[in-house]
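Q: Structure in structure tokens, see below.
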2 protein chains.
Amino acid sequence: MREGELYDRDLPRCAANHVPLSPVTFLDRSAAVWPERTALVYGRRRTSWRALRHRCRALASALRGRGIGRGGTVAALAANTPELFELHFAVPLSGGVLAALNTRLDAATIAWMLEHCEAQILFVDREFAAIAADAVARLGRGIAVIDIDDPACLHRRAAIGECDYEALVAEGDASEALPPLEDEWDAIALNYTSGTTGEPKGVVYHHRGAYLNAVSNALDWQLTRDCVYLWTLPMFHCNGWCFAWTIAAVGGMAVCLRQVRTHAIVEAIAREGVTHLCGAPTVLTMIDAAGPEVLASLKTGVSVMVAAAPPPPSVIEAIERHGWTVTHVYGLTESYGPVMINEWQAEWNGRDAEARTALKARQGVRGHMLEDVMVADPRTLQPMPADSSSVGELFLRGNNVMKGYLRQAEATEAAFRGGWLHTGDLAVRHPDGYVEIRDRAKDIIISGGENIATIEIENALHRHPSVQGAAVVARPDPLWGETPCAFVELRPGESADANALIAYCRTVLARFKVPRHVIFGPLPRSSTGKVLKYVLRETAREDAEGRSGLGPADSDGETAFDDKHDLAEIRHPPIARQF
Amino acid sequence: MREGELYDRDLPRCAANHVPLSPVTFLDRSAAVWPERTALVYGRRRTSWRALRHRCRALASALRGRGIGRGGTVAALAANTPELFELHFAVPLSGGVLAALNTRLDAATIAWMLEHCEAQILFVDREFAAIAADAVARLGRGIAVIDIDDPACLHRRAAIGECDYEALVAEGDASEALPPLEDEWDAIALNYTSGTTGEPKGVVYHHRGAYLNAVSNALDWQLTRDCVYLWTLPMFHCNGWCFAWTIAAVGGMAVCLRQVRTHAIVEAIAREGVTHLCGAPTVLTMIDAAGPEVLASLKTGVSVMVAAAPPPPSVIEAIERHGWTVTHVYGLTESYGPVMINEWQAEWNGRDAEARTALKARQGVRGHMLEDVMVADPRTLQPMPADSSSVGELFLRGNNVMKGYLRQAEATEAAFRGGWLHTGDLAVRHPDGYVEIRDRAKDIIISGGENIATIEIENALHRHPSVQGAAVVARPDPLWGETPCAFVELRPGESADANALIAYCRTVLARFKVPRHVIFGPLPRSSTGKVLKYVLRETAREDAEGRSGLGPADSDGETAFDDKHDLAEIRHPPIARQF
């Protein structure tokens, strides 16, 4: 008998024992089990799970009425309002694929994306109506536009759509039988990477991955039906790390927030009893800005998941003092959002503050449903030793890794070469197995043949009491090839100068890693709080070119900084370009 | 373009983005993330997650060395000790299928099962060596027998195996590369239903279902890495409802228990800080028997999941008074254990004790990963109205429904007819969607053309202060066809007689539902605490035959019970036959 044949015989899949995994089914369960509990809050608007399911099914029916079927793209240029939350269920229910676009993109890019994904319908919040109209005009073909008309929008432009969101919902029949999902490998969403260079890439998610990543979030963060999740993370970023589906999976409550601002965040936390929120470190900084009295006045601490960069230690400390918990996570658009987590070991609580900060800065271990993580040589895929110092590329593997890049077979193949997702991030593995990102492959500074991880310099700067934010990039240098150039945001009221910061860095960094140049001013950030290093690199390059006539003033990097810091730049404000 | 083609193009599965779901991968994660934390406790024996993984991989390697590969069956006749826990990982890691056999079976049945599943290896705890030797002798073919030699076993028989469990572990190489799982639909375990009539049926589980059900348990019960799970449920019953895999998924701790007895349970809870345990209602009764002082002395309350029958209200009350939580769940061997859960609505806490008891007796709603539940006409599969009174058969559908019955294609087909698992349980659906089992299809009593749900009578009897346990079956009756016959266990020290119980039932039940006969004594139970109604039915039948000469003393059921109860039987002890 063929190996295993006994269990292969007469035991086929059927409708009773095999149902394609899809996160939209969580909506059915929560509507059945917690029909009257509030699913979604937006200002005074409260929607129960039963009503939410009804609305999503009606909208799905209306989308089908307008031609959306399996694999049809529905794009949205929307704020973090209930409409975008609902689209996370309504579009897949219709068979379609949701493309939630970054609202800070320019019209040309939006038009390019709409063309690239063959979008059939575009939902537009009226705040973004002008840019959407421009994009549609550039598109050069007809596309159905639906307005999202949010009374809370302060900058409402004229409506441009053929119909309003609520009218579309009213058009649908919530009792219509929707086509069942046939294959869990079908696409559910499309997320364009912001793409620091070149064309954006369309990252395709499938139902299986979205289902598993939604559940993985719940396990990673121990979410229960009692969680109250605040939307400080844009839903257009990796579908809000899949948290719309996660909240439906556990039957919790989601609180929408149009403006991510200190007051609005704190007010929502106090009013709704928020227990969890996500975001980039900037969100933490915003919350910290509320001040200790306000934070102390909140009834309970909030659990915060922070990604994109290690959260600044001083901010973590200030916030955790009020009973909050900050969890550092790591992921990519290609991995449905965070899939690695800095799982906190109880014994670390006994370590001193500096050690705890260093431990928390690590990206950590695989989340519950990521299958494997590896730090390896990018050419041979041979794992690097877990010795805290051997830098390799970080590789991921699992069901919450994208289906691939839309219409970019070569890029997909390259991203998956050898059966692993190539993250492009350089990392070390510590002896305890925790991974720590050293840098983006392209962010590494090579100075006099030495590799310098910019993040190490940034971490050092972040520990300085006057520094609010810091980013380091390579600055072309005729002698050394590249030298580190630091861009620094000071805390309000602080006035440290470049000399002081460089002197400080000398006390905590190897000399060759100490920045030669310091430029002060607000850091340019993406809509998700990620510092746009390519902007900084350009500034540093222009700065170097403008100064090229000067020639290298210090022929010896080691001594040049010993007693004078004449190359340190002090300029306000240095960075005009905002993304 | 074909519908959906855009997203079907150049986006194939590969090793980076598609990994077959298998619960054994949870062992890898917990070993990586919590290497030093205790995974498994048995008396003084403590095994860390790292060590557990090492042992399981070594054992898998040894199993492969002895010929186990994909689809090879490894049977076990074992107690709830670490060895059986480890086999839940080692056997699937080797590619094999674990068949954990009920240790209360007779040798002939065990031999039949070993033959039926073509078992290649049999693990035997020395307590069961004699019966295993008998079974192997009946098998009439060679089979490798491995002894599990537990020093804590009080009734150790002579070893019968060719080698000891620990020697086998030592034989393996933990670093051996094990074959990766190719298909999540592959079998992972085999569980024989106890089968009240006819041949046992071999229920096949697959990796996908075991993975999802393990996670569903964690979501249903909000388990975290801090859970301490006590093994009061036999692992041979639906693989312990998949909890070995669940504990690995969340990185909690499992406490093994050889003897499920009041003292041992309470001692383990106190010693290890147990937070969760599962079982049949008998486990609750055992715990209740510890007495209020002992329960009050425990530091924290324990969450208990109870299935098989609605837990007796008085016991729930006594236990919940000490801060414990009892959750009523429902499932079948065919559904990997419990897949429905009595999700407790916060507002129910405001209801009176009787209403709360009635609410808790309901089997509830689908668990997080069961896809659908239906109460429907068994012939037409048309759903019954959710009106609390229309009785239909309960149907389930989801990925945690078995692969099918081994070598019983017809039975599999019948069980899945129409794309649903036919549970054979009769239920009503309440207007709030909660399901309540009325009876097993074959347990229903039809008296004078009226259907009587035995569970309703049982619930009434359970509410009587003197009653510890009650089971009701049909008793053949020449006039009415059948009448209800109640088998009752009294609380220690109580002495209620049949007349008193019947009078009591008259106050809470419709007259035609009141038992005509009451028989006192301990109820015969399966190893999992399920009352063996077929034994009771036989006793009731014999009783009726023995009394047939008497003829019907009451020609009018309605009046016969008005003033006299002369047909009520009082006998001690009535039931000699134990399963």
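In the structure tokens, chains take letters A, B, ... by order of appearance, with residues numbered from 1 within each chain and ligands from 1 in the order shown.
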Going by DSSP on the backbone, which residues of region 430-472 of chain A come out as helix (DSSP H, G or I)? List them as a list in words.

A: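 Helix (DSSP H, G or I) assignments inside region 430-472 of chain A correspond to Ala441, Lys442, Asp443, Thr454, Ile455, Glu456, Ile457, Glu458, Asn459, Ala460, Leu461 and His462 of chain A.
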
Q: How would the residues just picked look written out with N, CA and C atoms as an mmCIF file, in the first residue's frame?

A:
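Result file again14.cif:
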```
data_model
loop_
_atom_site.group_PDB
_atom_site.id
_atom_site.type_symbol
_atom_site.label_atom_id
_atom_site.label_comp_id
_atom_site.auth_asym_id
_atom_site.auth_seq_id
_atom_site.Cartn_x
_atom_site.Cartn_y
_atom_site.Cartn_z
ATOM 1 N N ALA A 441 18.735 47.619 4.482
ATOM 2 C CA ALA A 441 19.926 47.327 3.685
ATOM 3 C C ALA A 441 20.464 48.610 3.065
ATOM 4 N N LYS A 442 19.537 49.441 2.544
ATOM 5 C CA LYS A 442 20.032 50.618 1.827
ATOM 6 C C LYS A 442 20.347 51.783 2.770
ATOM 7 N N ASP A 443 20.049 51.639 4.050
ATOM 8 C CA ASP A 443 20.317 52.710 5.002
ATOM 9 C C ASP A 443 21.683 52.578 5.665
ATOM 10 N N THR A 454 22.797 52.846 11.176
ATOM 11 C CA THR A 454 22.307 54.170 11.575
ATOM 12 C C THR A 454 21.434 54.079 12.819
ATOM 13 N N ILE A 455 20.768 52.955 12.990
ATOM 14 C CA ILE A 455 19.846 52.836 14.124
ATOM 15 C C ILE A 455 20.585 52.904 15.457
ATOM 16 N N GLU A 456 21.804 52.457 15.458
ATOM 17 C CA GLU A 456 22.573 52.495 16.705
ATOM 18 C C GLU A 456 22.832 53.952 17.101
ATOM 19 N N ILE A 457 23.149 54.767 16.103
ATOM 20 C CA ILE A 457 23.367 56.194 16.379
ATOM 21 C C ILE A 457 22.053 56.846 16.799
ATOM 22 N N GLU A 458 20.987 56.478 16.106
ATOM 23 C CA GLU A 458 19.674 57.039 16.447
ATOM 24 C C GLU A 458 19.278 56.679 17.875
ATOM 25 N N ASN A 459 19.521 55.450 18.235
ATOM 26 C CA ASN A 459 19.191 55.034 19.605
ATOM 27 C C ASN A 459 19.986 55.843 20.611
ATOM 28 N N ALA A 460 21.260 56.086 20.306
ATOM 29 C CA ALA A 460 22.095 56.879 21.211
ATOM 30 C C ALA A 460 21.523 58.289 21.343
ATOM 31 N N LEU A 461 21.176 58.888 20.219
ATOM 32 C CA LEU A 461 20.619 60.247 20.256
ATOM 33 C C LEU A 461 19.300 60.290 21.015
ATOM 34 N N HIS A 462 18.479 59.253 20.830
ATOM 35 C CA HIS A 462 17.180 59.211 21.510
ATOM 36 C C HIS A 462 17.335 59.201 23.027
#
```

Q: Enumerate as a PyMOL selection string the residues belonging to chain B that approach chain A to within 6 Å, with only C-alpha atoms taken into account.

A: chain B and resi 4+10-11+15-19+70-71+397-399+401+403-404+409+419-421

Q: Which polymer residues have any atom within 8 Å of an atom of Val329 (chain A), counting only C-alpha atoms, with same-chain residues fewer than 4 positions away left out, as a list in words?

A: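 Final neighbour list, sorted by chain and number: Met305, Val306, Ala307, Pro338, Val339, Met340, Ile341, Asn342, Gln363 and Gly364 of chain A.
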
Q: Name all residues at most 8 Å from Val266 (chain A) (count only C-alpha atoms; drop same-chain ones fewer than 3 positions away) and give them as a ChimeraX atom specification.

A: /A:262-263,269-270,287,290

Q: Pull N, CA and C atoms from the residues just selected and write them as a compact mmCIF listing (two decimals), in the first residue's frame.

A:
```
# COMPACT_ATOMS: atom_id res chain seq x y z
N THR A 262 -3.28 64.80 19.89
CA THR A 262 -3.22 64.56 21.33
C THR A 262 -4.59 64.64 21.99
N HIS A 263 -5.28 65.76 21.78
CA HIS A 263 -6.53 65.95 22.50
C HIS A 263 -7.57 64.90 22.11
N ILE A 269 -10.01 58.07 24.67
CA ILE A 269 -9.63 57.08 25.68
C ILE A 269 -10.50 57.25 26.92
N ALA A 270 -10.65 58.49 27.35
CA ALA A 270 -11.42 58.76 28.56
C ALA A 270 -12.90 58.42 28.35
N ILE A 287 0.73 61.22 22.63
CA ILE A 287 0.05 60.91 23.89
C ILE A 287 0.85 61.46 25.06
N ALA A 290 0.29 64.97 26.15
CA ALA A 290 -0.88 65.34 26.95
C ALA A 290 -0.47 65.75 28.35
```

Q: Excluding Val391 (chain A) and residues on its chain fewer than 2 positions from it, collect all residues at most 7 Å away from it, counting only C-alpha atoms, and give them as a PyMOL selection string.

A: chain A and resi 389+426-428

Q: The selected residues should be written to file as a compact mmCIF listing (two decimals), in the first residue's frame (atoms: N, CA and C atoms).

A:
```txt
# COMPACT_ATOMS: atom_id res chain seq x y z
N SER A 389 25.96 40.04 16.90
CA SER A 389 26.81 40.92 16.11
C SER A 389 26.86 40.57 14.63
N LEU A 426 18.28 44.65 7.63
CA LEU A 426 19.48 43.98 8.15
C LEU A 426 19.33 43.85 9.66
N ALA A 427 19.67 42.70 10.16
CA ALA A 427 19.41 42.42 11.57
C ALA A 427 20.48 41.52 12.15
N VAL A 428 20.51 41.50 13.47
CA VAL A 428 21.30 40.50 14.17
C VAL A 428 20.32 39.65 14.97
```

Q: Env of Pro151 (chain A): 12 Å cut, atoms = only C-alpha atoms, seq-sep filter 3 positions within chain, self excluded. Answer as a CSV table (one decimal) with N, CA and C atoms, in the first residue's frame.

A:
```csv
chain,number,residue,atom,x,y,z
A,42,TYR,N,-18.1,56.2,16.6
A,42,TYR,CA,-17.5,57.3,15.9
A,42,TYR,C,-18.2,58.6,16.5
A,43,GLY,N,-17.6,59.3,17.4
A,43,GLY,CA,-18.2,60.4,18.0
A,43,GLY,C,-19.5,59.9,18.7
A,44,ARG,N,-20.6,60.4,18.3
A,44,ARG,CA,-21.9,60.0,19.0
A,44,ARG,C,-22.5,58.8,18.2
A,45,ARG,N,-21.9,58.4,17.1
A,45,ARG,CA,-22.5,57.4,16.3
A,45,ARG,C,-22.0,56.0,16.9
A,81,THR,N,-12.7,56.5,9.3
A,81,THR,CA,-14.1,56.6,9.8
A,81,THR,C,-14.8,55.2,9.6
A,125,ASP,N,-13.6,60.2,0.6
A,125,ASP,CA,-14.0,61.1,1.7
A,125,ASP,C,-13.9,62.5,1.2
A,126,ARG,N,-14.9,63.4,1.5
A,126,ARG,CA,-14.9,64.7,0.9
A,126,ARG,C,-13.7,65.5,1.2
A,127,GLU,N,-13.0,65.2,2.2
A,127,GLU,CA,-11.7,65.9,2.5
A,127,GLU,C,-10.8,65.8,1.3
A,148,ILE,N,-17.9,59.8,0.5
A,148,ILE,CA,-18.1,59.6,1.9
A,148,ILE,C,-18.3,61.0,2.5
A,154,LEU,N,-13.7,68.6,8.8
A,154,LEU,CA,-13.6,70.1,8.9
A,154,LEU,C,-13.3,70.7,7.6
A,155,HIS,N,-12.7,69.9,6.7
A,155,HIS,CA,-12.3,70.5,5.4
A,155,HIS,C,-13.1,69.8,4.2
A,156,ARG,N,-14.4,69.9,4.3
A,156,ARG,CA,-15.2,69.2,3.3
A,156,ARG,C,-15.2,69.9,2.0
A,157,ARG,N,-14.7,69.2,1.0
A,157,ARG,CA,-14.8,69.8,-0.4
A,157,ARG,C,-16.1,69.4,-1.0
A,258,ARG,N,-10.9,60.4,13.4
A,258,ARG,CA,-10.6,61.0,12.1
A,258,ARG,C,-9.2,61.7,12.2
```

Q: Which residues are near region 232-248 of chain A? Cut-off 8 Å, only C-alpha atoms, ignore same chain within fewer than 6 positions. Put them as a PDB file with C-alpha atoms, in the first residue's frame.

A:
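After the write, part-v6.pdb holds the following:
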```pdb
ATOM      1  CA  PRO A  23     -12.025  37.060   8.134  1.00  0.00           C
ATOM      2  CA  VAL A  24     -15.414  38.327   7.013  1.00  0.00           C
ATOM      3  CA  PHE A  26     -15.976  36.826  12.060  1.00  0.00           C
ATOM      4  CA  LEU A  27     -18.588  39.492  11.400  1.00  0.00           C
ATOM      5  CA  SER A  30     -20.035  38.570  16.439  1.00  0.00           C
ATOM      6  CA  ALA A  39     -19.068  47.159  17.441  1.00  0.00           C
ATOM      7  CA  ALA A  79     -10.171  58.737   6.574  1.00  0.00           C
ATOM      8  CA  ASN A  80     -10.353  56.441   9.611  1.00  0.00           C
ATOM      9  CA  LEU A  84     -13.620  52.442   5.732  1.00  0.00           C
ATOM     10  CA  PHE A  85     -14.078  49.925   8.547  1.00  0.00           C
ATOM     11  CA  HIS A  88     -13.185  45.862   5.029  1.00  0.00           C
ATOM     12  CA  ALA A 100      -7.376  51.415   0.663  1.00  0.00           C
ATOM     13  CA  LEU A 101      -5.118  54.166  -0.636  1.00  0.00           C
ATOM     14  CA  ASN A 102      -2.851  56.387   1.378  1.00  0.00           C
ATOM     15  CA  ALA A 189      -7.108  43.378  -0.323  1.00  0.00           C
ATOM     16  CA  ASN A 191      -1.989  47.607  -0.292  1.00  0.00           C
ATOM     17  CA  ALA A 210      -6.033  37.937   6.541  1.00  0.00           C
ATOM     18  CA  TYR A 211      -7.963  35.423   8.650  1.00  0.00           C
ATOM     19  CA  ASN A 213      -3.174  37.350  10.788  1.00  0.00           C
ATOM     20  CA  ALA A 214      -6.326  38.741  12.390  1.00  0.00           C
ATOM     21  CA  VAL A 215      -6.319  35.823  14.818  1.00  0.00           C
ATOM     22  CA  ASN A 217      -3.080  39.696  16.459  1.00  0.00           C
ATOM     23  CA  ALA A 218      -5.588  38.509  19.038  1.00  0.00           C
ATOM     24  CA  ALA A 254     -13.570  49.720  17.631  1.00  0.00           C
ATOM     25  CA  LEU A 257     -10.800  58.653  15.029  1.00  0.00           C
ATOM     26  CA  VAL A 260      -4.841  61.615  15.272  1.00  0.00           C
ATOM     27  CA  ILE A 265      -6.812  60.591  21.409  1.00  0.00           C
ATOM     28  CA  LEU A 277      -4.251  51.246  20.307  1.00  0.00           C
ATOM     29  CA  CYS A 278      -1.562  50.928  17.643  1.00  0.00           C
ATOM     30  CA  GLY A 279       0.689  53.259  15.785  1.00  0.00           C
ATOM     31  CA  ALA A 280       4.099  54.559  14.942  1.00  0.00           C
ATOM     32  CA  VAL A 283       1.471  58.373  18.331  1.00  0.00           C
ATOM     33  CA  THR A 333       3.232  45.679   4.191  1.00  0.00           C
ATOM     34  CA  TYR A 336      -0.055  42.046   6.629  1.00  0.00           C
ATOM     35  CA  GLY A 337       1.484  44.365   9.223  1.00  0.00           C
ATOM     36  CA  PRO A 338       3.343  43.277  12.363  1.00  0.00           C
ATOM     37  CA  THR A 528       2.311  56.315   9.106  1.00  0.00           C
TER      38      THR A 528
END
```

Q: Could you tell me how far CA of Glu317 (chain B) lies from CA of Gly493 (chain B), in Å and to one decimal?

A: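 Between CA of Glu317 (chain B) and CA of Gly493 (chain B) the gap is 19.7 Å.
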
Q: What parts of region 121-244 of chain B does DSSP call strand (DSSP E)? I'd like the answer as a short mmCIF file (atom, residue, chain, number, x, y, z; two decimals) with C-alpha atoms, in the first residue's frame.

A:
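File written: states04.cif
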```cif
data_model
loop_
_atom_site.label_atom_id
_atom_site.label_comp_id
_atom_site.auth_asym_id
_atom_site.auth_seq_id
_atom_site.Cartn_x
_atom_site.Cartn_y
_atom_site.Cartn_z
CA ILE B 121 3.30 0.67 17.47
CA LEU B 122 1.41 0.53 20.75
CA PHE B 123 2.43 2.54 23.80
CA VAL B 124 1.14 1.00 27.03
CA ASP B 125 1.14 2.41 30.52
CA ALA B 144 5.84 -3.15 18.55
CA VAL B 145 4.89 -2.46 22.15
CA ILE B 146 6.55 0.29 24.18
CA ASP B 147 6.06 0.44 27.95
CA ILE B 148 5.28 3.66 29.74
CA CYS B 163 11.46 -1.34 25.22
CA ASP B 164 10.66 1.42 27.63
CA ALA B 187 -4.44 12.90 9.23
CA ILE B 188 -2.98 13.79 12.62
CA ALA B 189 -5.06 11.67 15.00
CA LEU B 190 -7.66 8.98 15.24
CA ASN B 191 -10.29 8.88 17.99
CA TYR B 192 -12.69 6.01 18.37
CA GLY B 202 -12.69 5.76 13.98
CA VAL B 203 -12.94 9.53 13.77
CA VAL B 204 -10.04 10.97 11.75
CA TYR B 205 -8.66 14.43 12.57
CA HIS B 206 -6.41 16.39 10.22
CA VAL B 228 -2.06 26.82 34.02
CA TYR B 229 -4.14 23.97 32.68
CA LEU B 230 -4.95 20.91 34.78
#
```

Q: Between A:Ala133, A:Ala358, A:Leu168, A:Ala289, which has the minimum distance to Arg491 (chain A) (counting only C-alpha atoms)?

A: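 Among the listed residues, A:Ala289 lies closest to Arg491 (chain A).
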
Q: Using only C-alpha atoms for the distances, tell me which of A:Thr423, A:Ser447, A:Thr109, A:Thr300 is nearest to Tyr330 (chain A).

A: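 Result for the nearest residue to Tyr330 (chain A): A:Thr423.
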